Amino acid sequence: EAKARGRERVLIFDPDIDERHRLRLRYEASLRQALANDELYVLYQPRFDIAGRRVVGAEALLRWESPTHGSVPPGTFIPIAENSGLIVELGRFVLEAACREAAAWGEASRAVPVSVNLSPRQLHEPDLIRDIQAALADAGLAPHRLELEITETHLMDNVDQMLPVLHQIRAMGVGLAIDDFGTGYSSLTYLKRLPIELLKIDRGFLADVPGDADDEALLEAIIHMAHRLGFRVVAEGVETERQRRFLADLGCDELQGFLLGRPQRGARLRAELDRDRRASPPRS
Ligand code: C2E
Ligand code: MG
Ligand code: MG
Ligand code: MG
């Protein structure tokens with residue numbers, strides 16, 4: 001009987017799943033070497049004021065250029081890193097690189113903050129606070145110039161467990177943002193209990209806007225409620241001038257998207273910040 005069942009299991013074996021699993025294992029093995037082999041680097045996507053005129057920050061986005069797999073998108077390798085635990089090491093790499101980069105903006109250009117994505121695994125890592133402190137100290141970066149992004153889905157699944165570490169981060173003076181907002185099921189009132197001041201609306205809401213009446217209504221409601229509760233709001237994935245204007249009319253605070261800037265090398269963004277500064281010198 002047991003034997004028969006065992007054979008049945010072999011029969012329902014799915015070659016597609018097996019193939020995907022094998023590919024995953026190959027990626028994972030390569031990813032283990034990637035850091036030592038210098039295959040990883042960080043790009044920075046600028047964030048703008050609602051008029052789209054001034055850079056107000058930038059998000060660090062990890063890239064992997066593998067000699068065997070080519071350029072692997074983060075949507076593929078981040079989950080693999082997360083599952084294998086490699087994300088802790090990779091996350092530290094991004095944090096250190098981003099803090100150094102932002103410190104350079106502060107010297108030569110304008111001192112805008114840098115945002116770094118934190119994955120669930122990192123948030124449960126006991127060394128996280130120490131790693132953040134070390135990255136800031138090594139780079140000589142003021143804590144308020146760093147902002148950490150956590151996805152809404154993860155936050156909502158683990159709020160109670162996460163509250164202490166979120167408060168520790170805020171107590172250091174580091175900023176916190178909710179990423180991909182609207183993809184989970186949290187109510188804004190619930191979020192208000194968290195020590196978070198910035199909300200990034202998932203770009204899925206923008207895809208059919210302006211035009212789709214439901215998405216327009218949702219965007220308006222999110223922005224309105226977020227403001228009533230004291231959050232600043234960033235729209236992600238702004239690709240057209242019509243979208244920018246629509247968001248401006250709704251009172252959205254900031255924008256990130258291909259319309260205004262793609263993820264780019266730190267040096268390029270630094271040059272842009274320098275131009276910005278010359279165009280409008282800081283008041284002293
Ligand atoms: P995310 O944190 O929501 O980052 C924004 C993503 O949207 C980036 O994709 C960015 O290139 C893309 N994007 C920005 N503007 C536009 C636009 O106008 N149109 C379109 N179609 N896309 C836009 P990317 O770099 O491929 O990263 C995907 C996700 O991978 C990120 O989503 C983040 O969740 C994760 N990720 C990237 N780097 C890291 C990292 O260092 N650590 C962790 N934990 N996750 C990371
Ligand atoms: Mg993000
Ligand atoms: Mg996002
Ligand atoms: Mg995302």
# chains A, B, ... in the order shown; residues from 1 in each chain; ligands from 1
>>> residues_near_ligand(ligand="ligand 1", cutoff="8 Å", atoms="only C-alpha atoms and all ligand atoms", output="JSON, numbers by chain")
{"A": [42, 45, 59, 60, 61, 62, 63, 73, 74, 75, 78, 82, 87, 90, 91, 94, 95, 116, 117, 118, 119, 120, 149, 151, 179, 180, 202, 203, 236, 237, 238, 239, 256, 257, 258, 259, 261, 262, 263]}
>>> residues_around(residues="Glu39 (chain A)", least_positions_apart="3", cutoff="9 Å", atoms="only C-alpha atoms", output="PyMOL selection string")
chain A and resi 31+33-36+63-67
>>> write_last_selection(atoms="N, CA and C atoms", output="short mmCIF file (atom, residue, chain, number, x, y, z; two decimals), in the first residue's frame")
data_model
loop_
_atom_site.label_atom_id
_atom_site.label_comp_id
_atom_site.auth_asym_id
_atom_site.auth_seq_id
_atom_site.Cartn_x
_atom_site.Cartn_y
_atom_site.Cartn_z
N LEU A 31 24.80 33.00 -6.75
CA LEU A 31 24.61 34.19 -5.92
C LEU A 31 25.55 34.17 -4.71
N GLN A 33 28.52 33.28 -4.73
CA GLN A 33 29.84 33.76 -5.15
C GLN A 33 29.81 35.22 -5.59
N ALA A 34 28.61 35.71 -5.88
CA ALA A 34 28.47 36.99 -6.58
C ALA A 34 29.13 38.16 -5.86
N LEU A 35 29.00 38.17 -4.55
CA LEU A 35 29.54 39.29 -3.79
C LEU A 35 31.06 39.32 -3.87
N ALA A 36 31.67 38.15 -3.61
CA ALA A 36 33.13 38.05 -3.67
C ALA A 36 33.65 38.33 -5.08
N ARG A 63 21.65 45.41 -8.11
CA ARG A 63 21.75 44.79 -9.44
C ARG A 63 22.74 43.66 -9.42
N TRP A 64 22.43 42.62 -10.20
CA TRP A 64 23.33 41.47 -10.31
C TRP A 64 23.65 41.20 -11.77
N GLU A 65 24.91 41.35 -12.12
CA GLU A 65 25.40 41.05 -13.47
C GLU A 65 26.21 39.77 -13.38
N SER A 66 25.61 38.66 -13.75
CA SER A 66 26.27 37.37 -13.58
C SER A 66 26.92 36.92 -14.89
N PRO A 67 28.16 36.45 -14.83
CA PRO A 67 28.82 35.99 -16.05
C PRO A 67 28.11 34.76 -16.65
#
>>> residues_around(residues="region 194-197 of chain A", least_positions_apart="2", cutoff="9 Å", atoms="only C-alpha atoms", output="list in words")
Val159, Leu163, Leu166, His167, Arg170, Gly175, Leu176, Ala177, Ile178, Tyr190, Leu191, Lys192, Leu199, Gly230, Phe231, Arg232 and Val233 of chain A
>>> write_last_selection(atoms="N, CA, C and O atoms", output="compact mmCIF listing (two decimals), in the first residue's frame")
# COMPACT_ATOMS: atom_id res chain seq x y z
N VAL A 159 3.26 42.63 12.60
CA VAL A 159 3.34 43.91 13.30
C VAL A 159 3.85 43.81 14.72
O VAL A 159 4.79 44.52 15.10
N LEU A 163 7.32 45.69 16.05
CA LEU A 163 7.26 47.02 16.66
C LEU A 163 8.54 47.43 17.39
O LEU A 163 9.03 48.53 17.18
N LEU A 166 11.29 48.47 14.95
CA LEU A 166 10.92 49.70 14.26
C LEU A 166 11.16 50.91 15.16
O LEU A 166 11.68 51.94 14.74
N HIS A 167 10.79 50.76 16.44
CA HIS A 167 11.01 51.87 17.38
C HIS A 167 12.51 52.12 17.60
O HIS A 167 12.94 53.26 17.73
N ARG A 170 13.74 54.13 14.60
CA ARG A 170 13.30 55.53 14.70
C ARG A 170 14.07 56.27 15.78
O ARG A 170 14.40 57.45 15.63
N GLY A 175 14.91 57.18 9.12
CA GLY A 175 13.52 57.24 8.66
C GLY A 175 12.97 55.88 8.27
O GLY A 175 13.72 54.95 7.97
N LEU A 176 11.65 55.75 8.30
CA LEU A 176 11.01 54.50 7.90
C LEU A 176 9.89 54.78 6.90
O LEU A 176 9.12 55.73 7.05
N ALA A 177 9.82 53.94 5.88
CA ALA A 177 8.78 54.08 4.87
C ALA A 177 8.10 52.74 4.64
O ALA A 177 8.73 51.69 4.77
N ILE A 178 6.83 52.79 4.29
CA ILE A 178 6.12 51.58 3.88
C ILE A 178 6.15 51.51 2.37
O ILE A 178 5.76 52.46 1.69
N TYR A 190 -4.61 51.35 11.23
CA TYR A 190 -3.73 50.37 11.82
C TYR A 190 -2.27 50.81 11.65
O TYR A 190 -1.48 50.77 12.58
N LEU A 191 -1.96 51.26 10.44
CA LEU A 191 -0.60 51.71 10.15
C LEU A 191 -0.19 52.85 11.05
O LEU A 191 0.98 53.04 11.36
N LYS A 192 -1.16 53.62 11.44
CA LYS A 192 -0.87 54.82 12.24
C LYS A 192 -0.20 54.45 13.56
O LYS A 192 0.49 55.26 14.15
N LEU A 199 4.75 56.92 3.10
CA LEU A 199 4.02 55.83 2.48
C LEU A 199 4.26 55.86 0.98
O LEU A 199 4.07 56.88 0.34
N GLY A 230 -1.34 61.99 8.80
CA GLY A 230 -0.01 62.55 9.01
C GLY A 230 1.13 61.89 8.23
O GLY A 230 2.29 62.13 8.52
N PHE A 231 0.80 61.05 7.26
CA PHE A 231 1.86 60.46 6.42
C PHE A 231 2.20 61.38 5.26
O PHE A 231 1.34 62.08 4.74
N ARG A 232 3.44 61.33 4.82
CA ARG A 232 3.81 61.88 3.52
C ARG A 232 3.61 60.79 2.49
O ARG A 232 3.82 59.62 2.79
N VAL A 233 3.24 61.17 1.27
CA VAL A 233 2.92 60.16 0.26
C VAL A 233 3.80 60.29 -0.98
O VAL A 233 3.95 61.37 -1.55
>>> select_by_dssp(residues="region 1-66 of chain A", states="strand (DSSP E)", output="list in words")
Leu40, Tyr41, Val42, Leu43, Tyr44, Gln45, Pro46, Arg47, Phe48, Asp49, Val55, Val56, Gly57, Ala58, Glu59, Ala60, Leu61, Leu62, Arg63, Trp64, Glu65 and Ser66 of chain A
>>> residues_around(residues="Arg54 (chain A)", least_positions_apart="3", cutoff="12 Å", atoms="only C-alpha atoms", output="ChimeraX atom specification")
/A:46-51,57-58,110,112,254-256,260-261,272-277,279-280
>>> residues_around(residues="Asp131 (chain A)", least_positions_apart="3", cutoff="12 Å", atoms="only C-alpha atoms", output="ChimeraX atom specification")
/A:88-89,91-96,99,122-123,125-128,134-138,169
>>> write_last_selection(atoms="all heavy atoms", output="compact mmCIF listing (two decimals), in the first residue's frame")
# COMPACT_ATOMS: atom_id res chain seq x y z
N VAL A 88 20.90 38.59 4.09
CA VAL A 88 21.48 39.33 5.21
C VAL A 88 22.81 39.95 4.78
O VAL A 88 23.06 41.13 5.00
CB VAL A 88 21.64 38.42 6.45
CG1 VAL A 88 22.38 39.13 7.56
CG2 VAL A 88 20.26 37.95 6.93
N GLU A 89 23.62 39.13 4.13
CA GLU A 89 24.91 39.61 3.63
C GLU A 89 24.73 40.64 2.51
O GLU A 89 25.38 41.69 2.49
CB GLU A 89 25.68 38.40 3.10
CG GLU A 89 27.18 38.54 3.14
CD GLU A 89 27.82 37.29 2.53
OE1 GLU A 89 27.26 36.18 2.70
OE2 GLU A 89 28.85 37.43 1.85
N GLY A 91 22.12 42.47 1.93
CA GLY A 91 21.49 43.66 2.49
C GLY A 91 22.52 44.56 3.15
O GLY A 91 22.45 45.79 3.05
N ARG A 92 23.48 43.96 3.82
CA ARG A 92 24.54 44.73 4.48
C ARG A 92 25.38 45.45 3.42
O ARG A 92 25.75 46.61 3.58
CB ARG A 92 25.41 43.77 5.30
CG ARG A 92 26.14 44.45 6.44
CD ARG A 92 26.97 43.44 7.22
NE ARG A 92 26.17 42.53 8.03
CZ ARG A 92 26.31 41.20 8.05
NH1 ARG A 92 27.22 40.62 7.28
NH2 ARG A 92 25.55 40.46 8.81
N PHE A 93 25.63 44.74 2.32
CA PHE A 93 26.39 45.33 1.21
C PHE A 93 25.67 46.57 0.67
O PHE A 93 26.28 47.63 0.46
CB PHE A 93 26.57 44.27 0.11
CG PHE A 93 27.08 44.80 -1.20
CD1 PHE A 93 28.43 45.10 -1.37
CD2 PHE A 93 26.21 45.00 -2.27
CE1 PHE A 93 28.90 45.59 -2.59
CE2 PHE A 93 26.67 45.49 -3.49
CZ PHE A 93 28.01 45.79 -3.64
N VAL A 94 24.37 46.47 0.46
CA VAL A 94 23.59 47.59 -0.08
C VAL A 94 23.59 48.76 0.92
O VAL A 94 23.79 49.91 0.56
CB VAL A 94 22.14 47.17 -0.40
CG1 VAL A 94 21.32 48.37 -0.89
CG2 VAL A 94 22.12 46.06 -1.44
N LEU A 95 23.37 48.42 2.17
CA LEU A 95 23.33 49.44 3.22
C LEU A 95 24.64 50.23 3.28
O LEU A 95 24.66 51.47 3.32
CB LEU A 95 23.07 48.74 4.56
CG LEU A 95 22.70 49.58 5.76
CD1 LEU A 95 21.40 50.33 5.51
CD2 LEU A 95 22.55 48.68 6.99
N GLU A 96 25.76 49.50 3.24
CA GLU A 96 27.06 50.16 3.31
C GLU A 96 27.31 51.02 2.07
O GLU A 96 27.74 52.17 2.18
CB GLU A 96 28.18 49.12 3.45
CG GLU A 96 28.21 48.51 4.85
CD GLU A 96 29.09 47.26 4.94
OE1 GLU A 96 29.70 46.88 3.90
OE2 GLU A 96 29.15 46.67 6.03
N CYS A 99 25.03 54.19 2.13
CA CYS A 99 25.46 55.20 3.11
C CYS A 99 26.69 55.95 2.60
O CYS A 99 26.77 57.17 2.72
CB CYS A 99 25.75 54.57 4.47
SG CYS A 99 24.25 54.07 5.34
N GLN A 122 15.98 40.36 7.09
CA GLN A 122 16.87 41.32 7.75
C GLN A 122 16.25 41.89 9.02
O GLN A 122 16.93 42.15 9.99
CB GLN A 122 17.20 42.47 6.80
CG GLN A 122 18.17 42.12 5.72
CD GLN A 122 18.33 43.28 4.76
OE1 GLN A 122 17.50 43.49 3.87
NE2 GLN A 122 19.36 44.07 4.95
N LEU A 123 14.94 42.11 8.96
CA LEU A 123 14.26 42.70 10.11
C LEU A 123 14.22 41.78 11.32
O LEU A 123 14.03 42.22 12.43
CB LEU A 123 12.83 43.09 9.72
CG LEU A 123 12.73 44.46 9.10
CD1 LEU A 123 11.44 44.60 8.33
CD2 LEU A 123 12.84 45.54 10.17
N GLU A 125 16.76 39.83 12.00
CA GLU A 125 18.17 39.54 12.26
C GLU A 125 18.61 40.34 13.50
O GLU A 125 18.47 41.55 13.54
CB GLU A 125 18.95 40.00 11.01
CG GLU A 125 20.42 39.88 11.05
CD GLU A 125 20.89 38.45 11.12
OE1 GLU A 125 20.15 37.54 10.65
OE2 GLU A 125 21.98 38.24 11.65
N PRO A 126 19.13 39.66 14.52
CA PRO A 126 19.50 40.38 15.75
C PRO A 126 20.56 41.47 15.55
O PRO A 126 20.60 42.43 16.31
CB PRO A 126 20.00 39.27 16.69
CG PRO A 126 20.09 38.03 15.87
CD PRO A 126 19.31 38.22 14.63
N ASP A 127 21.41 41.33 14.52
CA ASP A 127 22.49 42.31 14.31
C ASP A 127 22.05 43.54 13.53
O ASP A 127 22.87 44.43 13.29
CB ASP A 127 23.64 41.66 13.54
CG ASP A 127 24.43 40.70 14.41
OD1 ASP A 127 24.29 40.79 15.65
OD2 ASP A 127 25.16 39.86 13.86
N LEU A 128 20.78 43.61 13.13
CA LEU A 128 20.37 44.68 12.22
C LEU A 128 20.73 46.07 12.74
O LEU A 128 21.34 46.87 12.02
CB LEU A 128 18.86 44.60 11.94
CG LEU A 128 18.33 45.74 11.06
CD1 LEU A 128 18.88 45.65 9.64
CD2 LEU A 128 16.80 45.74 11.02
N ALA A 134 26.81 50.76 12.25
CA ALA A 134 28.16 50.63 11.68
C ALA A 134 28.21 51.26 10.29
O ALA A 134 29.17 51.98 9.95
CB ALA A 134 28.57 49.17 11.61
N ALA A 135 27.19 51.03 9.47
CA ALA A 135 27.18 51.59 8.11
C ALA A 135 27.16 53.12 8.17
O ALA A 135 27.88 53.78 7.40
CB ALA A 135 25.98 51.06 7.33
N LEU A 136 26.37 53.68 9.06
CA LEU A 136 26.30 55.14 9.21
C LEU A 136 27.64 55.70 9.68
O LEU A 136 28.16 56.67 9.13
CB LEU A 136 25.20 55.53 10.21
CG LEU A 136 23.75 55.33 9.76
CD1 LEU A 136 22.80 55.50 10.96
CD2 LEU A 136 23.37 56.29 8.64
N ALA A 137 28.21 55.05 10.70
CA ALA A 137 29.46 55.53 11.28
C ALA A 137 30.60 55.45 10.27
O ALA A 137 31.36 56.40 10.09
CB ALA A 137 29.80 54.75 12.55
N ASP A 138 30.72 54.31 9.58
CA ASP A 138 31.80 54.14 8.61
C ASP A 138 31.71 55.18 7.49
O ASP A 138 32.73 55.65 6.98
CB ASP A 138 31.77 52.74 7.99
CG ASP A 138 32.20 51.68 8.99
OD1 ASP A 138 32.69 52.07 10.08
OD2 ASP A 138 32.03 50.48 8.70
N ILE A 169 14.85 51.67 15.39
CA ILE A 169 15.33 52.35 14.18
C ILE A 169 14.98 53.84 14.25
O ILE A 169 15.81 54.71 14.01
CB ILE A 169 14.74 51.69 12.90
CG1 ILE A 169 15.34 50.30 12.71
CG2 ILE A 169 14.99 52.56 11.68
CD1 ILE A 169 14.69 49.47 11.60
